[in-house]
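Printed here is entry02.cif (mmCIF, C-alpha atoms and all ligand atoms):
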```
data_input
loop_
_atom_site.label_atom_id
_atom_site.label_comp_id
_atom_site.auth_asym_id
_atom_site.auth_seq_id
_atom_site.Cartn_x
_atom_site.Cartn_y
_atom_site.Cartn_z
CA MET A 1 78.19 104.83 83.07
CA ASN A 2 78.48 107.40 85.92
CA THR A 3 78.92 111.13 85.27
CA ARG A 4 82.64 111.14 86.14
CA MET A 5 83.29 108.28 83.76
CA GLU A 6 81.32 110.05 81.04
CA GLU A 7 83.45 113.18 81.54
CA ILE A 8 86.63 111.13 81.23
CA MET A 9 85.43 109.34 78.10
CA ASN A 10 84.47 112.69 76.63
CA ALA A 11 87.89 114.17 77.42
CA ILE A 12 89.67 111.16 75.89
CA LYS A 13 87.65 111.67 72.72
CA HIS A 14 87.76 115.45 72.38
CA ASN A 15 90.64 116.87 74.47
CA LYS A 16 93.70 114.85 73.48
CA LEU A 17 97.07 116.48 74.01
CA THR A 18 100.52 115.68 72.72
CA ALA A 19 103.73 116.44 74.63
CA ASP A 20 104.21 119.99 73.36
CA ASP A 21 100.57 121.07 73.26
CA PRO A 22 99.92 123.96 75.65
CA PHE A 23 97.04 124.09 78.10
CA ARG A 24 95.90 126.81 80.48
CA PHE A 25 95.65 125.98 84.16
CA HIS A 26 97.00 127.26 87.43
CA CYS A 27 96.34 125.51 90.73
CA THR A 28 95.34 128.05 93.38
CA GLN A 29 95.99 125.48 96.15
CA CYS A 30 92.47 125.71 97.54
CA GLY A 31 92.69 122.05 98.67
CA LYS A 32 89.19 121.17 97.40
CA CYS A 33 90.46 118.22 95.38
CA CYS A 34 91.85 116.69 98.59
CA ILE A 35 88.48 116.37 100.36
CA ASN A 36 85.55 114.10 99.61
CA ARG A 37 88.05 111.68 98.18
CA GLU A 38 87.91 107.92 98.53
CA ASP A 39 89.56 107.19 95.25
CA ILE A 40 93.22 108.14 95.59
CA LEU A 41 94.79 104.87 94.52
CA LEU A 42 98.50 104.37 95.03
CA THR A 43 100.85 102.41 92.81
CA PRO A 44 103.92 100.70 94.31
CA LEU A 45 105.96 103.63 92.93
CA ASP A 46 103.73 106.19 94.67
CA LEU A 47 104.16 104.28 97.96
CA PHE A 48 107.92 104.06 97.47
CA ARG A 49 108.27 107.80 96.82
CA ILE A 50 105.93 108.95 99.60
CA ALA A 51 107.40 106.61 102.23
CA ASN A 52 110.88 107.90 101.31
CA ARG A 53 109.67 111.47 101.53
CA LEU A 54 108.11 110.94 104.97
CA LYS A 55 111.08 108.83 106.12
CA LEU A 56 108.78 105.95 107.04
CA SER A 57 109.07 102.28 106.15
CA LEU A 58 106.49 101.03 103.64
CA LYS A 59 104.82 99.05 106.41
CA GLU A 60 104.58 102.12 108.64
CA PHE A 61 103.25 104.33 105.86
CA ILE A 62 100.63 101.81 104.75
CA GLY A 63 99.61 101.13 108.36
CA GLN A 64 99.14 104.82 109.15
CA TYR A 65 97.68 106.21 105.94
CA CYS A 66 96.26 103.50 103.69
CA GLU A 67 93.59 100.87 103.17
CA LEU A 68 94.04 97.62 101.28
CA TYR A 69 91.26 95.93 99.35
CA ILE A 70 90.54 93.81 96.32
CA GLY A 71 88.87 95.71 93.47
CA SER A 72 85.35 94.35 93.11
CA ASP A 73 85.32 94.79 89.32
CA SER A 74 89.00 94.63 88.58
CA HIS A 75 89.92 91.71 90.89
CA PHE A 76 93.18 93.57 91.42
CA PRO A 77 94.84 94.16 94.83
CA LEU A 78 94.47 97.90 95.49
CA ILE A 79 95.80 100.39 98.02
CA ARG A 80 94.18 103.75 98.57
CA LEU A 81 94.76 106.67 100.90
CA LYS A 82 92.39 106.26 103.84
CA PRO A 83 90.08 109.31 103.99
CA LYS A 84 89.63 111.04 107.36
CA GLY A 85 86.52 112.41 109.06
CA SER A 86 83.09 113.28 107.75
CA VAL A 87 84.53 115.38 104.90
CA LYS A 88 86.64 112.43 103.78
CA ARG A 89 89.84 114.46 103.80
CA CYS A 90 92.99 112.97 102.36
CA PRO A 91 95.22 112.02 105.33
CA LEU A 92 98.18 113.72 103.62
CA LEU A 93 96.48 117.12 103.57
CA LYS A 94 98.06 119.14 106.39
CA ASN A 95 97.30 122.84 107.02
CA HIS A 96 95.41 122.98 103.69
CA ARG A 97 98.52 121.84 101.80
CA CYS A 98 99.65 118.53 100.39
CA SER A 99 102.33 117.39 102.84
CA VAL A 100 104.08 115.31 100.17
CA HIS A 101 103.78 117.83 97.34
CA LYS A 102 106.91 116.85 95.37
CA ALA A 103 106.22 113.13 95.87
CA LYS A 104 102.43 113.25 95.56
CA PRO A 105 100.72 110.28 93.88
CA ALA A 106 100.90 110.39 90.08
CA MET A 107 97.12 110.76 89.77
CA CYS A 108 97.23 113.92 91.95
CA ALA A 109 100.36 115.30 90.28
CA MET A 110 99.05 114.96 86.73
CA PHE A 111 95.66 116.59 87.40
CA PRO A 112 94.03 118.04 85.24
CA ILE A 113 95.81 115.80 82.75
CA GLY A 114 94.77 112.18 82.43
CA ARG A 115 96.44 109.36 80.55
CA VAL A 116 95.35 106.04 79.13
CA ILE A 117 97.30 103.20 77.64
CA ALA A 118 96.29 101.27 74.52
CA PHE A 119 97.73 97.79 74.03
CA PRO A 120 98.14 96.29 70.55
CA GLU A 121 95.09 94.29 69.51
CA TYR A 122 96.95 90.98 69.30
CA GLU A 123 99.12 89.57 72.11
CA THR A 124 101.71 88.44 69.56
CA SER A 125 102.06 91.89 67.99
CA SER A 126 105.53 93.45 68.27
CA LYS A 127 103.98 96.94 68.53
CA ALA A 128 104.60 98.74 71.82
CA PRO A 129 101.65 99.97 73.92
CA VAL A 130 100.74 103.61 73.22
CA ILE A 131 100.12 106.22 75.93
CA GLU A 132 97.58 108.94 75.16
CA TYR A 133 97.07 112.12 77.18
CA PHE A 134 93.95 114.21 77.58
CA TYR A 135 92.89 117.38 79.36
CA MET A 136 89.97 117.19 81.78
CA ASN A 137 88.03 120.31 82.59
CA PRO A 138 89.20 120.83 86.21
CA GLY A 139 86.38 123.15 87.34
CA CYS A 140 88.86 124.79 89.74
CA GLY A 141 92.00 126.93 89.83
CA ASP A 142 92.41 129.79 87.38
CA ASN A 143 93.68 130.11 83.84
CA THR A 144 96.54 132.50 84.57
CA ARG A 145 99.29 130.12 83.41
CA THR A 146 99.96 128.31 80.19
CA GLN A 147 102.28 125.33 80.03
CA THR A 148 102.86 122.36 77.81
CA LEU A 149 102.14 118.84 78.91
CA ARG A 150 105.90 118.17 78.88
CA GLU A 151 106.55 121.10 81.24
CA TRP A 152 103.74 120.01 83.55
CA PHE A 153 105.06 116.45 83.83
CA ASP A 154 108.67 117.65 84.21
CA SER A 155 107.69 119.76 87.20
CA PHE A 156 106.64 116.58 89.05
CA GLY A 157 109.42 114.35 87.72
CA ILE A 158 106.99 112.18 85.74
CA PRO A 159 108.61 111.05 82.47
CA LEU A 160 106.53 111.15 79.28
CA ASN A 161 107.97 107.79 78.26
CA ASP A 162 107.00 106.42 81.61
CA ASN A 163 108.41 102.88 81.72
CA PHE A 164 106.86 102.21 85.09
CA PHE A 165 103.37 103.22 83.90
CA ILE A 166 103.67 100.90 80.89
CA GLU A 167 105.03 98.01 82.95
CA TRP A 168 102.45 98.56 85.71
CA ALA A 169 99.54 98.55 83.23
CA THR A 170 100.97 95.47 81.50
CA PHE A 171 101.36 93.71 84.84
CA GLN A 172 97.78 94.60 85.84
CA LYS A 173 96.42 93.19 82.60
CA ASN A 174 98.35 89.91 82.94
CA PHE A 175 97.70 89.56 86.67
CA VAL A 176 93.94 90.01 86.31
CA MET A 177 93.80 87.36 83.59
CA LEU A 178 95.59 84.84 85.84
CA ILE A 179 93.81 85.71 89.10
CA ARG A 180 90.39 85.33 87.46
CA GLU A 181 91.40 81.88 86.32
CA ALA A 182 92.67 81.04 89.84
CA GLU A 183 89.37 82.24 91.33
CA ARG A 184 87.54 79.91 88.95
CA LEU A 185 89.63 76.92 90.04
CA LEU A 186 90.22 77.50 93.77
CA ASP A 187 87.82 77.76 96.70
CA GLU A 188 87.61 80.81 99.00
CA ALA A 189 89.97 79.41 101.65
CA ALA A 190 92.64 78.68 99.05
CA MET A 191 92.22 82.14 97.52
CA ARG A 192 92.77 83.75 100.93
CA GLN A 193 96.15 81.98 101.03
CA VAL A 194 96.94 83.56 97.66
CA TRP A 195 95.92 87.17 98.40
CA ASN A 196 98.10 87.79 101.48
CA PRO A 197 101.45 87.16 99.79
CA VAL A 198 100.21 89.00 96.68
CA PHE A 199 99.74 92.23 98.67
CA GLY A 200 103.05 91.73 100.46
CA ILE A 201 105.14 91.08 97.34
CA LEU A 202 103.49 93.73 95.20
CA TYR A 203 103.50 96.62 97.66
CA LEU A 204 105.89 95.88 100.54
CA CYS A 205 108.96 94.05 99.24
CA TYR A 206 111.12 97.04 98.34
CA ASP A 207 114.34 98.35 99.76
CA LEU A 208 113.78 102.13 99.88
CA GLU A 209 117.52 102.73 99.48
CA LYS A 210 117.73 100.92 96.14
CA ASP A 211 116.40 101.72 92.64
CA PHE A 212 112.68 101.10 92.43
CA LEU A 213 112.14 99.76 88.91
CA PRO A 214 114.39 96.64 89.03
CA GLN A 215 112.72 95.67 92.32
CA PHE A 216 109.25 96.17 90.85
CA ARG A 217 110.18 94.04 87.81
CA GLU A 218 111.43 91.24 90.03
CA ASN A 219 108.31 91.32 92.22
CA ALA A 220 105.93 91.44 89.26
CA GLU A 221 107.73 88.53 87.61
CA LYS A 222 107.62 86.54 90.87
CA LEU A 223 103.87 87.07 91.20
CA LEU A 224 103.00 86.14 87.63
CA ARG A 225 105.24 83.06 87.80
CA GLY A 226 103.67 82.05 91.14
CA LEU A 227 100.14 82.35 89.76
CA GLN A 228 101.07 80.37 86.67
CA MET A 229 102.45 77.60 88.89
CA ILE A 230 99.26 77.54 90.99
CA LEU A 231 97.18 77.29 87.83
CA SER A 232 99.30 74.54 86.32
CA HIS A 233 99.05 72.50 89.58
CA ASN A 234 95.29 72.85 89.65
CA THR A 235 94.53 72.06 86.03
CA LYS A 236 96.40 68.72 85.89
S1 LIG A 301 98.10 113.21 98.16
FE1 LIG A 301 98.27 115.43 98.35
S2 LIG A 301 97.37 116.22 96.45
FE2 LIG A 301 96.72 114.10 96.64
S3 LIG A 301 94.71 114.20 97.63
FE3 LIG A 301 96.27 113.93 99.24
S4 LIG A 301 96.81 115.95 99.95
FE4 LIG A 301 95.72 116.17 98.00
S1 LIG A 302 93.85 121.28 91.70
FE1 LIG A 302 92.03 122.57 91.78
S2 LIG A 302 90.83 121.86 93.54
FE2 LIG A 302 92.91 121.04 93.73
S3 LIG A 302 94.00 122.50 95.03
FE3 LIG A 302 94.39 123.10 92.89
S4 LIG A 302 92.81 124.58 92.40
FE4 LIG A 302 92.13 123.54 94.26
#
```
Structure rendered as structure tokens:
Amino acid sequence: MNTRMEEIMNAIKHNKLTADDPFRFHCTQCGKCCINREDILLTPLDLFRIANRLKLSLKEFIGQYCELYIGSDSHFPLIRLKPKGSVKRCPLLKNHRCSVHKAKPAMCAMFPIGRVIAFPEYETSSKAPVIEYFYMNPGCGDNTRTQTLREWFDSFGIPLNDNFFIEWATFQKNFVMLIREAERLLDEAAMRQVWNPVFGILYLCYDLEKDFLPQFRENAEKLLRGLQMILSHNTK
């Protein structure tokens, strides 16, 4: 396990927070967390909000600012902000400030708070997944402000009962199960035919003028159904 992962595991174990627990942190906007970064992953909701903010289409935003790849461990289609220059600066950092501050990716907005989701042990359980929050030692900023987790999330418009986060994590879990099975059954050429539409449906097929969540649900459903059909055709 690398050091960063150890820190996160440690924080999950020892620094849990509930909605109204206070924590001390104030961002001094030094911009250090926006350089040497190759790991700013974007969800479809992050893309939707940032493209709207910058008044770009999703295709334009992804083309100018992002990189697409398949997670080597996760086997999940991923999009990250494409770092610039030798200091690997986030392309959205302009004049030492985040140019999409109010629409910044959830992982940037929540910092130094992290969250994890725990699914019920059995697939058939009627229990809902549980979200847990934890405080990571930021090693930056100052401690001049105290706020609760609820206040922190409110300031970035991230709900505590975040339906998208739950549905996104559930989709990831189900998708990975199916795509691993497809990779077992199909050859490389056939898998290439699968990945292109997967990226397109998951990240590009949204009307920026309409509500995000119903469109995400439809796209996620379409992808899982499509993979199930591919699997059923190839296991007959
Ligand atoms: S999106 Fe904004 S906050 Fe996040 S790394 Fe880029 S510039 Fe920094
Ligand atoms: S979160 Fe920390 S590193 Fe990032 S801009 Fe604020 S003070 Fe600097």
ask   = Could you pull the residues within 12 Å of Ile8 of chain A, counting only C-alpha atoms, minus those fewer than 6 positions along the same chain, as a PyMOL selection string?
value = chain A and resi 1-2+14-16+112-116+133-138
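Remark: for ligand LIG 302 (chain A), the closest of the candidate residues A:Gln215, A:Asn10, A:Ser74, A:Thr144 is A:Thr144 (distances computed over only C-alpha atoms and all ligand atoms).
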query = Hey, which residues come within 7 Å of ligand LIG 302 (chain A) if we count only C-alpha atoms and all ligand atoms? Could you give them as a PyMOL selection string?
reply = chain A and resi 27-34+111+138+140-141
Find the axis-aligned box for ligand LIG 301 (chain A), covering all its listed atoms and adding 8 Å on each side, and write its centre and edge lengths in Å to one decimal as AutoDock Vina command-line options.
```
--center_x 96.5 --center_y 114.7 --center_z 98.2 --size_x 19.6 --size_y 19.0 --size_z 19.5
```
Residues within 8 Å of ligand LIG 301 (chain A), counting only C-alpha atoms and all ligand atoms, as a tab-separated table (two decimals) with C-alpha atoms, in the coordinates of the input:
```
chain	number	residue	atom	x	y	z
A	31	GLY	CA	92.69	122.05	98.67
A	33	CYS	CA	90.46	118.22	95.38
A	34	CYS	CA	91.85	116.69	98.59
A	35	ILE	CA	88.48	116.37	100.36
A	37	ARG	CA	88.05	111.68	98.18
A	40	ILE	CA	93.22	108.14	95.59
A	81	LEU	CA	94.76	106.67	100.90
A	89	ARG	CA	89.84	114.46	103.80
A	90	CYS	CA	92.99	112.97	102.36
A	91	PRO	CA	95.22	112.02	105.33
A	92	LEU	CA	98.18	113.72	103.62
A	93	LEU	CA	96.48	117.12	103.57
A	94	LYS	CA	98.06	119.14	106.39
A	97	ARG	CA	98.52	121.84	101.80
A	98	CYS	CA	99.65	118.53	100.39
A	99	SER	CA	102.33	117.39	102.84
A	100	VAL	CA	104.08	115.31	100.17
A	101	HIS	CA	103.78	117.83	97.34
A	104	LYS	CA	102.43	113.25	95.56
A	105	PRO	CA	100.72	110.28	93.88
A	107	MET	CA	97.12	110.76	89.77
A	108	CYS	CA	97.23	113.92	91.95
A	109	ALA	CA	100.36	115.30	90.28
```
key: Residue neighbourhood Ile179 of chain A, 12 Å, all atoms listed in the file, exclusion window fewer than 5 positions, as a PyMOL selection string   = chain A and resi 70-71+74-77+171-174+184-186+191+194-195+198+223-231
Could you write out that same residue set with C-alpha atoms as a compact mmCIF listing (two decimals), in the frame of the given file?
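The resulting file, selection11.txt, is reproduced below:
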```
# COMPACT_ATOMS: atom_id res chain seq x y z
CA ILE A 70 90.54 93.81 96.32
CA GLY A 71 88.87 95.71 93.47
CA SER A 74 89.00 94.63 88.58
CA HIS A 75 89.92 91.71 90.89
CA PHE A 76 93.18 93.57 91.42
CA PRO A 77 94.84 94.16 94.83
CA PHE A 171 101.36 93.71 84.84
CA GLN A 172 97.78 94.60 85.84
CA LYS A 173 96.42 93.19 82.60
CA ASN A 174 98.35 89.91 82.94
CA ARG A 184 87.54 79.91 88.95
CA LEU A 185 89.63 76.92 90.04
CA LEU A 186 90.22 77.50 93.77
CA MET A 191 92.22 82.14 97.52
CA VAL A 194 96.94 83.56 97.66
CA TRP A 195 95.92 87.17 98.40
CA VAL A 198 100.21 89.00 96.68
CA LEU A 223 103.87 87.07 91.20
CA LEU A 224 103.00 86.14 87.63
CA ARG A 225 105.24 83.06 87.80
CA GLY A 226 103.67 82.05 91.14
CA LEU A 227 100.14 82.35 89.76
CA GLN A 228 101.07 80.37 86.67
CA MET A 229 102.45 77.60 88.89
CA ILE A 230 99.26 77.54 90.99
CA LEU A 231 97.18 77.29 87.83
```
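Ranking A:Ser86, A:Arg192, A:Phe48, A:Glu132 by their shortest atom-to-atom distance to Ala11 of chain A, with only C-alpha atoms included, puts A:Glu132 first.
Reported to one decimal place, the separation of atom CA of Asp39 of chain A from atom CA of Ile62 of chain A is 15.5 Å.
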Selection: 9 Å around segment 200-212 of chain A, only C-alpha atoms, excl. self and same-chain fewer than 5 positions, as a compact mmCIF listing (two decimals) with C-alpha atoms, keeping the file's coordinate frame:
```txt
# COMPACT_ATOMS: atom_id res chain seq x y z
CA THR A 43 100.85 102.41 92.81
CA PRO A 44 103.92 100.70 94.31
CA LEU A 45 105.96 103.63 92.93
CA LEU A 47 104.16 104.28 97.96
CA PHE A 48 107.92 104.06 97.47
CA ARG A 49 108.27 107.80 96.82
CA ALA A 51 107.40 106.61 102.23
CA ASN A 52 110.88 107.90 101.31
CA SER A 57 109.07 102.28 106.15
CA LEU A 58 106.49 101.03 103.64
CA LYS A 59 104.82 99.05 106.41
CA ILE A 62 100.63 101.81 104.75
CA PRO A 77 94.84 94.16 94.83
CA ILE A 79 95.80 100.39 98.02
CA TRP A 195 95.92 87.17 98.40
CA ARG A 217 110.18 94.04 87.81
CA ASN A 219 108.31 91.32 92.22
CA ALA A 220 105.93 91.44 89.26
CA LYS A 222 107.62 86.54 90.87
CA LEU A 223 103.87 87.07 91.20
```
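Closest approach to Asp162 of chain A among A:Asn196, A:Asp142, A:Glu6, A:Ile117: A:Ile117, based on all atoms listed in the file.
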ask   = At what distance in Å, to one decimal, does atom CA of Asp20 of chain A lie from atom CA of Asp154 of chain A?
value = 12.0 Å
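Computed from the coordinates, the atom CA of Leu149 of chain A to atom CA of Leu17 of chain A distance equals 7.4 Å.
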task = Tell me which protein, DNA and RNA residues are within 8 Å of Ala106 of chain A, counting all atoms listed in the file, leaving out same-chain ones fewer than 3 positions away, and put them as a count of residues only.
result = 4
Quick one: everything within 12 Å of Asp73 of chain A, counting all atoms listed in the file, minus sequence neighbours fewer than 4 positions away in the same chain. Send it as a compact mmCIF listing (two decimals) with C-alpha atoms, keeping the file's coordinate frame.
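Printed below is part-v2.txt as written:
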```txt
# COMPACT_ATOMS: atom_id res chain seq x y z
CA TYR A 69 91.26 95.93 99.35
CA PRO A 77 94.84 94.16 94.83
CA LEU A 78 94.47 97.90 95.49
CA VAL A 176 93.94 90.01 86.31
CA ARG A 180 90.39 85.33 87.46
```
remark   = Counting all atoms listed in the file, closest pick from A:Glu181, A:Glu167, A:Glu60, A:Glu67 relative to Phe199 of chain A is A:Glu67
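Distance check against Thr148 of chain A using all atoms listed in the file: of A:Thr3, A:Val87, A:Arg24, A:Ala128, the minimum falls on A:Arg24.
Closest to Leu178 of chain A among A:Cys66, A:Ser232, A:Phe25, A:Phe164 is A:Ser232, based on only C-alpha atoms.
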Could N, CA and C atoms be built for segment 80-116 of chain A and written out as a short mmCIF file (atom, residue, chain, number, x, y, z; two decimals), in the frame of the given file?
```
data_model
loop_
_atom_site.label_atom_id
_atom_site.label_comp_id
_atom_site.auth_asym_id
_atom_site.auth_seq_id
_atom_site.Cartn_x
_atom_site.Cartn_y
_atom_site.Cartn_z
N ARG A 80 94.58 102.35 98.72
CA ARG A 80 94.18 103.75 98.57
C ARG A 80 94.50 104.52 99.84
N LEU A 81 94.59 105.84 99.72
CA LEU A 81 94.76 106.67 100.90
C LEU A 81 93.45 106.63 101.69
N LYS A 82 93.57 106.44 103.00
CA LYS A 82 92.39 106.26 103.84
C LYS A 82 91.81 107.62 104.22
N PRO A 83 90.62 107.98 103.71
CA PRO A 83 90.08 109.31 103.99
C PRO A 83 89.76 109.50 105.47
N LYS A 84 89.85 110.76 105.93
CA LYS A 84 89.63 111.04 107.36
C LYS A 84 88.38 111.89 107.57
N GLY A 85 87.64 111.57 108.61
CA GLY A 85 86.52 112.41 109.06
C GLY A 85 85.34 112.44 108.12
N SER A 86 84.34 113.26 108.52
CA SER A 86 83.09 113.28 107.75
C SER A 86 83.29 113.92 106.38
N VAL A 87 84.32 114.77 106.23
CA VAL A 87 84.53 115.38 104.90
C VAL A 87 85.44 114.51 104.02
N LYS A 88 85.80 113.37 104.53
CA LYS A 88 86.64 112.43 103.78
C LYS A 88 87.90 113.14 103.23
N ARG A 89 88.64 113.70 104.16
CA ARG A 89 89.84 114.46 103.80
C ARG A 89 91.00 113.50 103.59
N CYS A 90 91.80 113.78 102.59
CA CYS A 90 92.99 112.97 102.36
C CYS A 90 93.89 113.08 103.59
N PRO A 91 94.41 111.96 104.10
CA PRO A 91 95.22 112.02 105.33
C PRO A 91 96.55 112.75 105.12
N LEU A 92 96.91 113.03 103.87
CA LEU A 92 98.18 113.72 103.62
C LEU A 92 97.99 115.24 103.48
N LEU A 93 96.74 115.67 103.62
CA LEU A 93 96.48 117.12 103.57
C LEU A 93 96.73 117.69 104.97
N LYS A 94 97.73 118.55 105.08
CA LYS A 94 98.06 119.14 106.39
C LYS A 94 98.09 120.66 106.23
N ASN A 95 97.37 121.38 107.11
CA ASN A 95 97.30 122.84 107.02
C ASN A 95 96.91 123.30 105.61
N HIS A 96 95.94 122.65 105.03
CA HIS A 96 95.41 122.98 103.69
C HIS A 96 96.42 122.76 102.56
N ARG A 97 97.51 122.10 102.84
CA ARG A 97 98.52 121.84 101.80
C ARG A 97 98.81 120.35 101.71
N CYS A 98 99.22 119.92 100.53
CA CYS A 98 99.65 118.53 100.39
C CYS A 98 101.01 118.39 101.07
N SER A 99 101.08 117.50 102.07
CA SER A 99 102.33 117.39 102.84
C SER A 99 103.41 116.61 102.09
N VAL A 100 103.06 116.05 100.94
CA VAL A 100 104.08 115.31 100.17
C VAL A 100 104.14 115.88 98.75
N HIS A 101 103.97 117.19 98.64
CA HIS A 101 103.78 117.83 97.34
C HIS A 101 104.68 117.28 96.23
N LYS A 102 105.99 117.26 96.44
CA LYS A 102 106.91 116.85 95.37
C LYS A 102 106.87 115.34 95.11
N ALA A 103 106.29 114.59 96.06
CA ALA A 103 106.22 113.13 95.87
C ALA A 103 104.77 112.67 95.81
N LYS A 104 103.85 113.61 95.51
CA LYS A 104 102.43 113.25 95.56
C LYS A 104 102.11 112.15 94.54
N PRO A 105 101.06 111.37 94.79
CA PRO A 105 100.72 110.28 93.88
C PRO A 105 100.57 110.79 92.44
N ALA A 106 100.93 109.95 91.48
CA ALA A 106 100.90 110.39 90.08
C ALA A 106 99.52 110.93 89.71
N MET A 107 98.45 110.29 90.20
CA MET A 107 97.12 110.76 89.77
C MET A 107 96.83 112.17 90.29
N CYS A 108 97.39 112.55 91.44
CA CYS A 108 97.23 113.92 91.95
C CYS A 108 98.14 114.86 91.17
N ALA A 109 99.38 114.42 90.94
CA ALA A 109 100.36 115.30 90.28
C ALA A 109 99.94 115.66 88.86
N MET A 110 99.37 114.71 88.15
CA MET A 110 99.05 114.96 86.73
C MET A 110 97.83 115.86 86.56
N PHE A 111 96.93 115.86 87.53
CA PHE A 111 95.66 116.59 87.40
C PHE A 111 95.90 118.03 86.93
N PRO A 112 95.21 118.56 85.92
CA PRO A 112 94.03 118.04 85.24
C PRO A 112 94.32 117.25 83.95
N ILE A 113 95.49 116.64 83.90
CA ILE A 113 95.81 115.80 82.75
C ILE A 113 95.55 114.34 83.12
N GLY A 114 94.96 113.61 82.22
CA GLY A 114 94.77 112.18 82.43
C GLY A 114 95.54 111.42 81.37
N ARG A 115 95.78 110.15 81.60
CA ARG A 115 96.44 109.36 80.55
C ARG A 115 95.84 107.97 80.51
N VAL A 116 95.84 107.41 79.31
CA VAL A 116 95.35 106.04 79.13
C VAL A 116 96.38 105.30 78.30
#
```
